[in-house]
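Asker: I have a structure here, written as structure tokens, and I will follow up with some questions on it.
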Amino acid sequence: MVEQRAPLRPSGPPPVRPRPSRSRIAFRRAIALALLAGGRGALVWLVAFAVGGNDGKKATPTAPAAPPPLRIVFPEGFTRAQMAERIKAVDGIARDRRQVNPRLSARAYLKATASSRIPGKFAGDGRRRILEGFLFPATYEFEPTTTSRQLVTRQLDSFQRNWSKVDLAYAKSKHLTQYDVLIIASMIEKEVSAPEERALVAAVIYNRLKIGMHLGIDATIRYGLGVPPTESLKNSQLHSSNPYNTGQFPGLPPTPIANPGLASMQAAAHPAKVDYLFFVRKPDEKHHFFTASEQEFEDYKHAHGYK
């Protein structure tokens with residue numbers, strides 16, 4: 001006789017299958033989409049999704065690296081005209097090598113620096129002046145959209161930061177204005193190659209100003225007449241009536257003749273305590289011979305074939 005038994009029943013409630021997480025559901029959907037698409041691109045997308053982890057968030061695509069910034073280098077002693085030429089050269093390099101067309105322009109730079117208010121109360125009278133001397137020489141980064149006026153503003157800001165480091169107490173005791181000191185700094189920058197001679201050239205300028213002696217700085221003549229340093233000054237140029245001819249007119253030239261760096265600014269405010277009145281370049285084309293004696297000065301020139 002077969003015994004009938006009641007069907008077996010579980011002793012407790014049936015197990016509850018855990019609900020898939022949102023990330024799992026999203027991943028399953030991604031697989032389905034990839035299979036339906038059947039394309040290479042879908043598989044690549046699926047791999048990218050999987051690498052993103054299982055937190056339910058899509059992986060953020062890696063942003064392309066930002067292009068390196070454009071840079072322009074203005075050496076100490078450059079004039080505003082030389083800076084404009086450097087801008088022209090950098091523009092060409094940017095177009096040829098980086099395939100970008102900067103907004104910087106040599107023409108706009110010259111226009112922006114030809115007449116402007118001097119930074120702060122530097123000149124004291126609020127007049128508009130050429131910005132020669134205030135365009136601080138340094139390396140500047142810029143974007144393709146940077147304008148010439150924006151670059152000039154950065155140079156003026158840099159000038160003010162550096163000029164604030166210059167102690168003008170001694171110069172003021174000699175009745176020199178801060179603009180006078182800047183003009184002297186520009187002459188030092190154009191005349192000196194050896195750094196240790198900056199304060200010595202400053203001393204010659206101070207000593208000559210004190211006794212009312214013409215400064216006779218060739219660099220001022222070159223600036224006023226646009227004569228490059230590679231050309232010898234002609235006798236007619238040495239005797240020209242150009243206002244920058246410090247061999248013909250006493251005192252300082254009307255404006256700075258270049259844009260000096262901080263070292264020349266410091267030297268212009270703190271000349272060496274020597275009695276030198278003369279200096280002439282030595283045959284090495286880097287150093288100068290200094291003396292307080294005009295006879296020694298003439299003898300040295302004669303000995304080395306200088307006129």
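Scheme for the structure tokens: letters A, B, ... for chains in order shown; per-chain residue numbers from 1; ligand numbers from 1 in order shown.
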List as JSON lines every residue of range 205-254 of chain A that is in contact with range 169-176 of chain A, defined as an atom at most 12 Å from one of its atoms (using only C-alpha atoms), together with the nearest atom pair and the distance in Å rounded to one decimal, sorted by chain and then rising number.
Answerer:
```
{"residue": "A:Ile205", "atom": "CA", "partner": "A:Leu176", "partner_atom": "CA", "distance": 11.9}
{"residue": "A:Tyr206", "atom": "CA", "partner": "A:Lys174", "partner_atom": "CA", "distance": 8.6}
{"residue": "A:Asn207", "atom": "CA", "partner": "A:Lys174", "partner_atom": "CA", "distance": 10.5}
{"residue": "A:Leu209", "atom": "CA", "partner": "A:Lys174", "partner_atom": "CA", "distance": 9.7}
{"residue": "A:Lys210", "atom": "CA", "partner": "A:Lys174", "partner_atom": "CA", "distance": 8.4}
{"residue": "A:Gly251", "atom": "CA", "partner": "A:Leu176", "partner_atom": "CA", "distance": 11.3}
{"residue": "A:Leu252", "atom": "CA", "partner": "A:Leu176", "partner_atom": "CA", "distance": 10.6}
```
Asker: List the neighbours of Pro271 in chain A out to 8 Å using only C-alpha atoms; skip same-chain residues closer than 6 positions along the sequence, and give me the result as a ChimeraX atom specification.
Answerer: /A:199-203,206
Asker: Using C-alpha atoms, can you export the residues from the last selection as a compact mmCIF listing (two decimals), in the first residue's frame?
Answerer:
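This went into again_34.txt:
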```txt
# COMPACT_ATOMS: atom_id res chain seq x y z
CA ALA A 199 77.53 101.70 -9.80
CA LEU A 200 80.76 103.12 -11.29
CA VAL A 201 78.98 104.49 -14.38
CA ALA A 202 76.32 105.89 -12.07
CA ALA A 203 79.06 107.66 -10.10
CA TYR A 206 76.35 111.91 -10.61
```
Asker: Using only C-alpha atoms, which of the listed residues (A:Ala263, A:Val181, A:Ile217, A:Ile118) sits closest to Pro137 in chain A?
Answerer: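 The shortest atom-to-atom distance to Pro137 in chain A comes from A:Ala263.
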Asker: In range 62-231 of chain A, what's strand (DSSP E) per DSSP? Answer as an NGL selection string?
Answerer: :A and (70-73 or 116-117 or 128-129 or 139-142)
Asker: Extract, using only C-alpha atoms, all DNA, RNA and protein residues at most 8 Å from Arg80 in chain A, discarding same-chain residues fewer than 3 positions from it, and format them as a ChimeraX atom specification.
Answerer: /A:83-84,110,113,131-132,135,258-259
Asker: Let me see the file: selected residues, N, CA, C and O atoms, as an mmCIF file, in the first residue's frame.
Answerer:
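selection10.cif, written as the output of this step:
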```
data_model
loop_
_atom_site.group_PDB
_atom_site.id
_atom_site.type_symbol
_atom_site.label_atom_id
_atom_site.label_comp_id
_atom_site.auth_asym_id
_atom_site.auth_seq_id
_atom_site.Cartn_x
_atom_site.Cartn_y
_atom_site.Cartn_z
ATOM 1 N N MET A 83 61.210 96.171 -28.377
ATOM 2 C CA MET A 83 60.155 95.306 -27.858
ATOM 3 C C MET A 83 59.086 95.066 -28.911
ATOM 4 O O MET A 83 58.566 93.948 -29.046
ATOM 5 N N ALA A 84 58.772 96.082 -29.680
ATOM 6 C CA ALA A 84 57.804 95.923 -30.761
ATOM 7 C C ALA A 84 58.322 94.942 -31.811
ATOM 8 O O ALA A 84 57.564 94.101 -32.330
ATOM 9 N N LEU A 110 53.328 99.817 -30.184
ATOM 10 C CA LEU A 110 53.953 101.139 -30.305
ATOM 11 C C LEU A 110 52.944 102.249 -30.035
ATOM 12 O O LEU A 110 53.262 103.256 -29.405
ATOM 13 N N THR A 113 52.198 102.537 -26.285
ATOM 14 C CA THR A 113 53.313 103.016 -25.454
ATOM 15 C C THR A 113 53.819 104.394 -25.863
ATOM 16 O O THR A 113 54.727 104.935 -25.229
ATOM 17 N N LEU A 131 56.191 105.919 -22.825
ATOM 18 C CA LEU A 131 56.400 104.966 -21.732
ATOM 19 C C LEU A 131 57.784 104.337 -21.737
ATOM 20 O O LEU A 131 58.013 103.359 -21.024
ATOM 21 N N GLU A 132 58.692 104.894 -22.518
ATOM 22 C CA GLU A 132 60.076 104.396 -22.478
ATOM 23 C C GLU A 132 60.600 104.470 -21.050
ATOM 24 O O GLU A 132 60.484 105.491 -20.378
ATOM 25 N N LEU A 135 58.499 100.164 -19.217
ATOM 26 C CA LEU A 135 58.099 98.862 -19.758
ATOM 27 C C LEU A 135 59.062 97.809 -19.231
ATOM 28 O O LEU A 135 60.062 97.481 -19.876
ATOM 29 N N ALA A 258 65.987 103.628 -22.642
ATOM 30 C CA ALA A 258 65.763 102.186 -22.688
ATOM 31 C C ALA A 258 64.915 101.821 -21.483
ATOM 32 O O ALA A 258 64.547 102.686 -20.681
ATOM 33 N N ASN A 259 64.631 100.537 -21.364
ATOM 34 C CA ASN A 259 63.852 100.043 -20.232
ATOM 35 C C ASN A 259 64.763 99.215 -19.332
ATOM 36 O O ASN A 259 65.099 98.073 -19.662
#
```
Asker: Between range 207-247 of chain A and range 186-198 of chain A, at 12 Å or less, what are the per-residue closest atom pairs and their distances in Å? Count only C-alpha atoms, order by chain and rising residue number, and return it as JSON lines.
Answerer:
```
{"residue": "A:Leu215", "atom": "CA", "partner": "A:Met187", "partner_atom": "CA", "distance": 10.5}
{"residue": "A:Gly216", "atom": "CA", "partner": "A:Met187", "partner_atom": "CA", "distance": 11.1}
{"residue": "A:Ile217", "atom": "CA", "partner": "A:Met187", "partner_atom": "CA", "distance": 7.8}
{"residue": "A:Asp218", "atom": "CA", "partner": "A:Glu191", "partner_atom": "CA", "distance": 8.5}
{"residue": "A:Ala219", "atom": "CA", "partner": "A:Lys190", "partner_atom": "CA", "distance": 6.4}
{"residue": "A:Thr220", "atom": "CA", "partner": "A:Met187", "partner_atom": "CA", "distance": 7.3}
{"residue": "A:Ile221", "atom": "CA", "partner": "A:Met187", "partner_atom": "CA", "distance": 10.9}
{"residue": "A:Arg222", "atom": "CA", "partner": "A:Lys190", "partner_atom": "CA", "distance": 10.2}
{"residue": "A:Tyr223", "atom": "CA", "partner": "A:Lys190", "partner_atom": "CA", "distance": 9.9}
{"residue": "A:Pro228", "atom": "CA", "partner": "A:Lys190", "partner_atom": "CA", "distance": 11.6}
{"residue": "A:Pro229", "atom": "CA", "partner": "A:Lys190", "partner_atom": "CA", "distance": 9.8}
{"residue": "A:Tyr244", "atom": "CA", "partner": "A:Met187", "partner_atom": "CA", "distance": 11.4}
{"residue": "A:Thr246", "atom": "CA", "partner": "A:Met187", "partner_atom": "CA", "distance": 11.1}
```
Asker: Export, as a compact mmCIF listing (two decimals), in the first residue's frame, the selected residues with C-alpha atoms.
Answerer:
```txt
# COMPACT_ATOMS: atom_id res chain seq x y z
CA LEU A 215 77.52 113.84 -19.67
CA GLY A 216 78.77 112.90 -23.14
CA ILE A 217 77.02 109.50 -23.16
CA ASP A 218 77.15 108.07 -26.67
CA ALA A 219 74.14 105.85 -26.02
CA THR A 220 71.89 108.89 -25.70
CA ILE A 221 72.99 110.14 -29.12
CA ARG A 222 72.35 106.74 -30.64
CA TYR A 223 68.86 106.69 -29.14
CA PRO A 228 72.48 101.13 -33.94
CA PRO A 229 75.46 100.11 -31.75
CA TYR A 244 69.34 113.54 -26.69
CA THR A 246 74.37 114.83 -24.03
```
Asker: Under the rule of at most 9 Å, produce a per-residue listing of range 72-105 of chain A near range 140-162 of chain A: chain, number, name, the closest pair of atoms, and the distance in Å, as JSON lines, using only C-alpha atoms.
Answerer:
```
{"residue": "A:Ile72", "atom": "CA", "partner": "A:Tyr140", "partner_atom": "CA", "distance": 5.4}
{"residue": "A:Val73", "atom": "CA", "partner": "A:Tyr140", "partner_atom": "CA", "distance": 6.4}
{"residue": "A:Phe74", "atom": "CA", "partner": "A:Tyr140", "partner_atom": "CA", "distance": 8.2}
{"residue": "A:Ala94", "atom": "CA", "partner": "A:Pro144", "partner_atom": "CA", "distance": 8.9}
{"residue": "A:Val100", "atom": "CA", "partner": "A:Pro144", "partner_atom": "CA", "distance": 6.8}
{"residue": "A:Asn101", "atom": "CA", "partner": "A:Pro144", "partner_atom": "CA", "distance": 6.4}
{"residue": "A:Pro102", "atom": "CA", "partner": "A:Pro144", "partner_atom": "CA", "distance": 4.2}
{"residue": "A:Arg103", "atom": "CA", "partner": "A:Thr147", "partner_atom": "CA", "distance": 5.4}
{"residue": "A:Leu104", "atom": "CA", "partner": "A:Ser148", "partner_atom": "CA", "distance": 4.9}
{"residue": "A:Ser105", "atom": "CA", "partner": "A:Ser148", "partner_atom": "CA", "distance": 6.3}
```
Asker: Enumerate the residues of range 225-296 of chain A with a DSSP assignment of alpha helix (DSSP H), computed from the backbone, and present them as a ChimeraX atom specification.
Answerer: /A:225,235-238,262-269,294-296
Asker: So what do you get for CA of Thr230 in chain A versus CA of Ala112 in chain A, distance-wise?
Answerer: 28.5 Å
